[in-house]
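Here the structure comes first, spelled out in structure tokens, and everything after it is commentary.
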Amino acid sequence: MKQSMRWLERHDPIQEVAAEHWEQGLALGNGKIGGMVWGGSKARPLTISLDQAEIWDLRAFTPPAHKTWTDYKALLEQGRGDEIEGFSYTSEDIHAMRIPVGRVELLCDGEIVAHTARLRLREARCEGMLTTDRGEIPYSVWTSATRQLMVIERAENTLRLRWKLICRDGDYTKEDISASTVYSCYAGVRPTLTETVRRWGYPQPEEAELDGITILRQEIPESGGFALACGSLQDCWLISIQWSAVSSLEAERMALEEVRRGMADGLAVLQAEHEAWCADYFDASAITIPDTRLEGYYYLQTYMLASCTRPEGPHMTLCGPWSDDTNYGPICDNDYHWNNEQEMQIWPVYTGNRLAFGEPMFRMMEEHLDTLKQVCAIHFKIDGAFLTHSTDPLLRPTYASLDNYELNGLLPLLEALSLHP
């Protein structure tokens with residue numbers, strides 16, 4: 001660590017008690033793989049909720065007939081505006097949605113009596129200490145900045161893993177669900193993700209072991225599949241999560257390849273690569289601000305930008321590479337929200353000397369401009385391009401609602417584009 005940046009430690013988020021809810025956890029990510037570290041109490045084991053930004057159910061949402069903007073406008077012109085809500089349709093049926101992987105729980109012997117954790121921004125690493133009635137258990141979790149790997153370090157034989165997958169019946173209990181609902185802006189009763197994906201025709205995940213590597217594989221109907229591979233290296237686990245538009249078998253091949261390469265190179269090489277990338281990243285954005293709290297906010301957002309997206313990867317969704325892995329609500333899912341939210345998310349690329357990190361959003365627009373033209377033709381019956389409130393990665397509307405016809409999406413995006421050299 002460079003001496004000039006050692007003071008960055010004063011901005012590290014610190015937890016002196018266990019995070020009892022998912023949204024209170026410490027976030028790790030590399031633009032694709034995401035992990036939320038929380039739990040670690042008498043009531044809840046230390047938990048890492050797992051996600052991968054590319055995993056989507058891409059089955060298109062088809063708006064009901066006569067529920068376009070032209071139909072809304074006709075009602076207004078007829079003085080029947082009170083009937084508009086009847087046309088507002090938020091679907092719990094099959095539509096494009098981000099699908100989280102599930103979670104891994106780190107179990108220990110004895111009863112947990114205390115847990116503290118620190119997110120070291122400079123190293124993009126969560127370091128924690130579990131105190132049990134049998135002694136103290138240190139651990140460390142980080143998501144490689146240069147590879148599609150999550151690394152869990154622990155003292156020898158002090159922790160063991162238990163997997164919970166959102167698509168597998170029986171993996172999530174009532175206690176799991178109740179611990180992940182605080183953040184929701186959805187006022188209704190949220191069905192669990194397990195209930196939802198089973199209703200949507202998801203098969204049970206498949207589990208196997210190959211040369212000591214655990215493999216968890218999940219098909220997504222009409223949308224390829226994803227796979228998780230977990231191997232042991234010294235006193236740590238290496239986890240890779242991969243998605244493929246072809247099949248979960250192809251995702252499995254990629255995940256196995258990444259884990260095997262990490263195991264062959266060794267922990268020292270992985271750490272050196274990761275720490276060098278993080279040092280270069282923060283050095284390029286280094287500033288000092290007299291207001292310590294404002295400076296801390298700046299560096300936390302600088303950290304979050306690198307966690308949420310990378311120049312060569314996908315544009316970040318509403319919540320980045322982190323999804324609540326238990327509940328599903330038909331609004332405010334972890335999709336793309338264009339009512340200024342996606343545009344505001346890339347502002348750190350201008351304030352933090354990170355222009356390349358804004359490229360994924362503009363690349364997304366260029367690749368799917370024809371979709372915006374189709375949406376405009378369907379809903380407004382004119383030539384042009386229209387960006388709805390919420391979309392999937394192909395820029396198709398994820399649901400039908402009056403919200404989706406807000407006119408505040410495309411213009412802010414074009415403004416951001418005008419600022420990009």
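How things are named: the first chain in the structure tokens is A, the next is B, and so on; residues count from 1 in each chain; ligands count from 1 in the order shown.
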
Mind dumping a table of every region 358-382 of chain A residue within 10 Å of region 301-317 of chain A, with the nearest atom pair and its distance in Å to one decimal, using only C-alpha atoms, sorted by chain and rising number, as JSON lines?
```
{"residue": "A:Gly358", "atom": "CA", "partner": "A:Pro311", "partner_atom": "CA", "distance": 7.0}
{"residue": "A:Glu359", "atom": "CA", "partner": "A:Pro311", "partner_atom": "CA", "distance": 6.0}
{"residue": "A:Pro360", "atom": "CA", "partner": "A:His315", "partner_atom": "CA", "distance": 4.8}
{"residue": "A:Met361", "atom": "CA", "partner": "A:His315", "partner_atom": "CA", "distance": 5.1}
{"residue": "A:Phe362", "atom": "CA", "partner": "A:His315", "partner_atom": "CA", "distance": 8.7}
{"residue": "A:Arg363", "atom": "CA", "partner": "A:His315", "partner_atom": "CA", "distance": 8.6}
{"residue": "A:Met364", "atom": "CA", "partner": "A:His315", "partner_atom": "CA", "distance": 7.3}
```

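Using only C-alpha atoms, the protein and nucleic acid residues lying no more than 8 Å from region 192-203 of chain A, apart from those fewer than 2 places from it along its own chain, are A:Asp93, A:Ile94, A:Ile166, A:Cys167, A:Arg168, A:Asp169, A:Tyr172, A:Ile177, A:Arg190, A:Pro205, A:Gln218, A:Glu219, A:Ile220, A:Pro221, A:Asp325, A:Thr326, A:Asn327, A:Tyr328.
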
Handout entry: alpha helix (DSSP H) residues, from DSSP on the backbone, in region 190-362 of chain A, as a PyMOL selection string
Key = chain A and resi 193-199+248-265+267-284+292-308+341-345+348-351+359-362

Output C-alpha atoms for every residue in that selection, as a tab-separated table (two decimals), in the first residue's frame.
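Okay, part_17.tsv is ready:
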```tsv
chain	number	residue	atom	x	y	z
A	193	LEU	CA	-38.20	-16.26	-5.33
A	194	THR	CA	-38.34	-20.02	-4.92
A	195	GLU	CA	-42.12	-19.93	-5.26
A	196	THR	CA	-41.86	-17.66	-8.28
A	197	VAL	CA	-39.29	-19.57	-10.29
A	198	ARG	CA	-40.98	-22.89	-9.62
A	199	ARG	CA	-44.21	-21.39	-10.92
A	248	SER	CA	-25.82	-24.34	-17.87
A	249	LEU	CA	-23.37	-26.99	-19.11
A	250	GLU	CA	-21.43	-24.32	-20.97
A	251	ALA	CA	-21.54	-22.13	-17.85
A	252	GLU	CA	-20.22	-25.09	-15.85
A	253	ARG	CA	-17.30	-25.48	-18.23
A	254	MET	CA	-16.35	-21.80	-17.80
A	255	ALA	CA	-16.71	-21.90	-14.01
A	256	LEU	CA	-14.57	-25.04	-13.72
A	257	GLU	CA	-11.91	-23.53	-15.96
A	258	GLU	CA	-11.74	-20.38	-13.83
A	259	VAL	CA	-11.50	-22.28	-10.54
A	260	ARG	CA	-8.87	-24.69	-11.88
A	261	ARG	CA	-6.75	-21.84	-13.21
A	262	GLY	CA	-6.98	-20.07	-9.84
A	263	MET	CA	-5.99	-23.23	-7.99
A	264	ALA	CA	-3.06	-23.78	-10.34
A	265	ASP	CA	-1.75	-20.21	-9.98
A	267	LEU	CA	-3.37	-17.75	-3.59
A	268	ALA	CA	-0.26	-15.54	-3.62
A	269	VAL	CA	-0.65	-14.83	-7.35
A	270	LEU	CA	-4.37	-14.14	-6.98
A	271	GLN	CA	-3.76	-11.73	-4.11
A	272	ALA	CA	-0.96	-9.89	-5.90
A	273	GLU	CA	-3.08	-9.37	-9.03
A	274	HIS	CA	-6.06	-8.20	-7.02
A	275	GLU	CA	-4.16	-5.78	-4.79
A	276	ALA	CA	-2.23	-4.28	-7.73
A	277	TRP	CA	-5.46	-3.61	-9.61
A	278	CYS	CA	-7.10	-1.99	-6.57
A	279	ALA	CA	-4.03	0.20	-5.90
A	280	ASP	CA	-3.97	1.47	-9.49
A	281	TYR	CA	-7.71	2.08	-9.41
A	282	PHE	CA	-7.74	4.21	-6.25
A	283	ASP	CA	-4.55	6.06	-7.17
A	284	ALA	CA	-6.16	7.27	-10.40
A	292	THR	CA	-13.97	14.11	6.19
A	293	ARG	CA	-17.51	12.77	5.85
A	294	LEU	CA	-17.76	14.07	2.27
A	295	GLU	CA	-14.38	12.56	1.46
A	296	GLY	CA	-15.52	9.24	2.90
A	297	TYR	CA	-18.66	9.34	0.77
A	298	TYR	CA	-16.57	10.03	-2.34
A	299	TYR	CA	-14.32	7.03	-1.74
A	300	LEU	CA	-17.19	4.73	-0.86
A	301	GLN	CA	-18.87	5.60	-4.17
A	302	THR	CA	-15.56	5.15	-5.97
A	303	TYR	CA	-15.38	1.67	-4.47
A	304	MET	CA	-19.00	0.93	-5.39
A	305	LEU	CA	-18.44	1.98	-9.02
A	306	ALA	CA	-15.71	-0.64	-9.47
A	307	SER	CA	-17.89	-3.20	-7.69
A	308	CYS	CA	-20.88	-2.54	-9.95
A	341	GLU	CA	-31.49	6.38	-11.83
A	342	GLN	CA	-29.27	4.57	-14.35
A	343	GLU	CA	-27.97	7.91	-15.61
A	344	MET	CA	-27.15	9.11	-12.09
A	345	GLN	CA	-25.30	5.89	-11.33
A	348	PRO	CA	-18.75	8.94	-10.57
A	349	VAL	CA	-17.15	8.27	-13.97
A	350	TYR	CA	-16.90	12.05	-14.48
A	351	THR	CA	-15.94	13.06	-10.93
A	359	GLU	CA	-18.93	2.94	-21.77
A	360	PRO	CA	-21.16	-0.09	-20.99
A	361	MET	CA	-24.28	2.10	-20.77
A	362	PHE	CA	-23.67	3.79	-24.10
```

Practice task
Considering only C-alpha atoms, return as number ranges by chain whatever protein or nucleic-acid residues lie within 12 Å of Ala60 (chain A), sequence-local ones (same chain, fewer than 5 positions apart) excluded.
Solution key: A: 91, 93-97, 221-223, 391-399

Exercise for the section: Do a neighbour search on Ile99 (chain A) at 8 Å with only C-alpha atoms, toss out local chain neighbours closer than 2 positions, and write the hits as a PyMOL selection string. Expected result: chain A and resi 51+55-57+97+101+323

Exercise for the section: Quick one: pull the distance between CA of Arg134 (chain A) and CA of Ile14 (chain A), Å, one decimal. Expected result: 24.0 Å

Problem - Gap from CA of Ala53 (chain A) to CA of Gly31 (chain A) - Å, one decimal - result: 7.2 Å

Practice task
Show which residues sit within 7 Å of Pro45 (chain A), as number ranges by chain. Count only C-alpha atoms, and ignore same-chain residues fewer than 3 positions away.
Solution key: A: 39-41, 105-107

Convert the current residue selection to file output with N, CA and C atoms, as a JSON list (two decimals), in the first residue's frame.
```json
[["chain", "number", "residue", "atom", "x", "y", "z"],
["A", 39, "GLY", "N", -25.11, -11.37, 8.46],
["A", 39, "GLY", "CA", -25.33, -12.44, 9.43],
["A", 39, "GLY", "C", -24.15, -12.56, 10.38],
["A", 40, "GLY", "N", -24.01, -13.72, 10.99],
["A", 40, "GLY", "CA", -22.95, -13.95, 11.95],
["A", 40, "GLY", "C", -23.41, -13.64, 13.37],
["A", 41, "SER", "N", -24.53, -14.25, 13.74],
["A", 41, "SER", "CA", -25.08, -14.03, 15.08],
["A", 41, "SER", "C", -25.62, -15.35, 15.61],
["A", 105, "GLU", "N", -23.63, -20.26, 3.31],
["A", 105, "GLU", "CA", -23.53, -19.98, 4.73],
["A", 105, "GLU", "C", -22.23, -20.59, 5.26],
["A", 106, "LEU", "N", -21.51, -19.84, 6.08],
["A", 106, "LEU", "CA", -20.27, -20.30, 6.67],
["A", 106, "LEU", "C", -20.56, -20.74, 8.10],
["A", 107, "LEU", "N", -20.55, -22.04, 8.30],
["A", 107, "LEU", "CA", -20.93, -22.61, 9.58],
["A", 107, "LEU", "C", -19.70, -22.91, 10.43]]
```

Exercise for the section: Measuring atom to atom with only C-alpha atoms, identify which of A:Arg122, A:Ser240, A:Gly170, A:Gly352 is nearest to His11 (chain A). Expected result: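 Answer, going by the shortest atom-to-atom distance: A:Arg122.
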
Exercise for the section: Pick out each residue of region 52-257 of chain A that DSSP on the backbone tags as strand (DSSP E); I need them as a ChimeraX atom specification. Expected result: /A:52,56-57,97-98,102-107,112-120,125-132,135-143,150-154,160-165,206-210,213-219,225-233,236-244

Handout entry: Counting only C-alpha atoms, the residue of A:Cys319, A:Leu419, A:Met129, A:Leu76 that sits nearest Ile112 (chain A)
Key = A:Met129
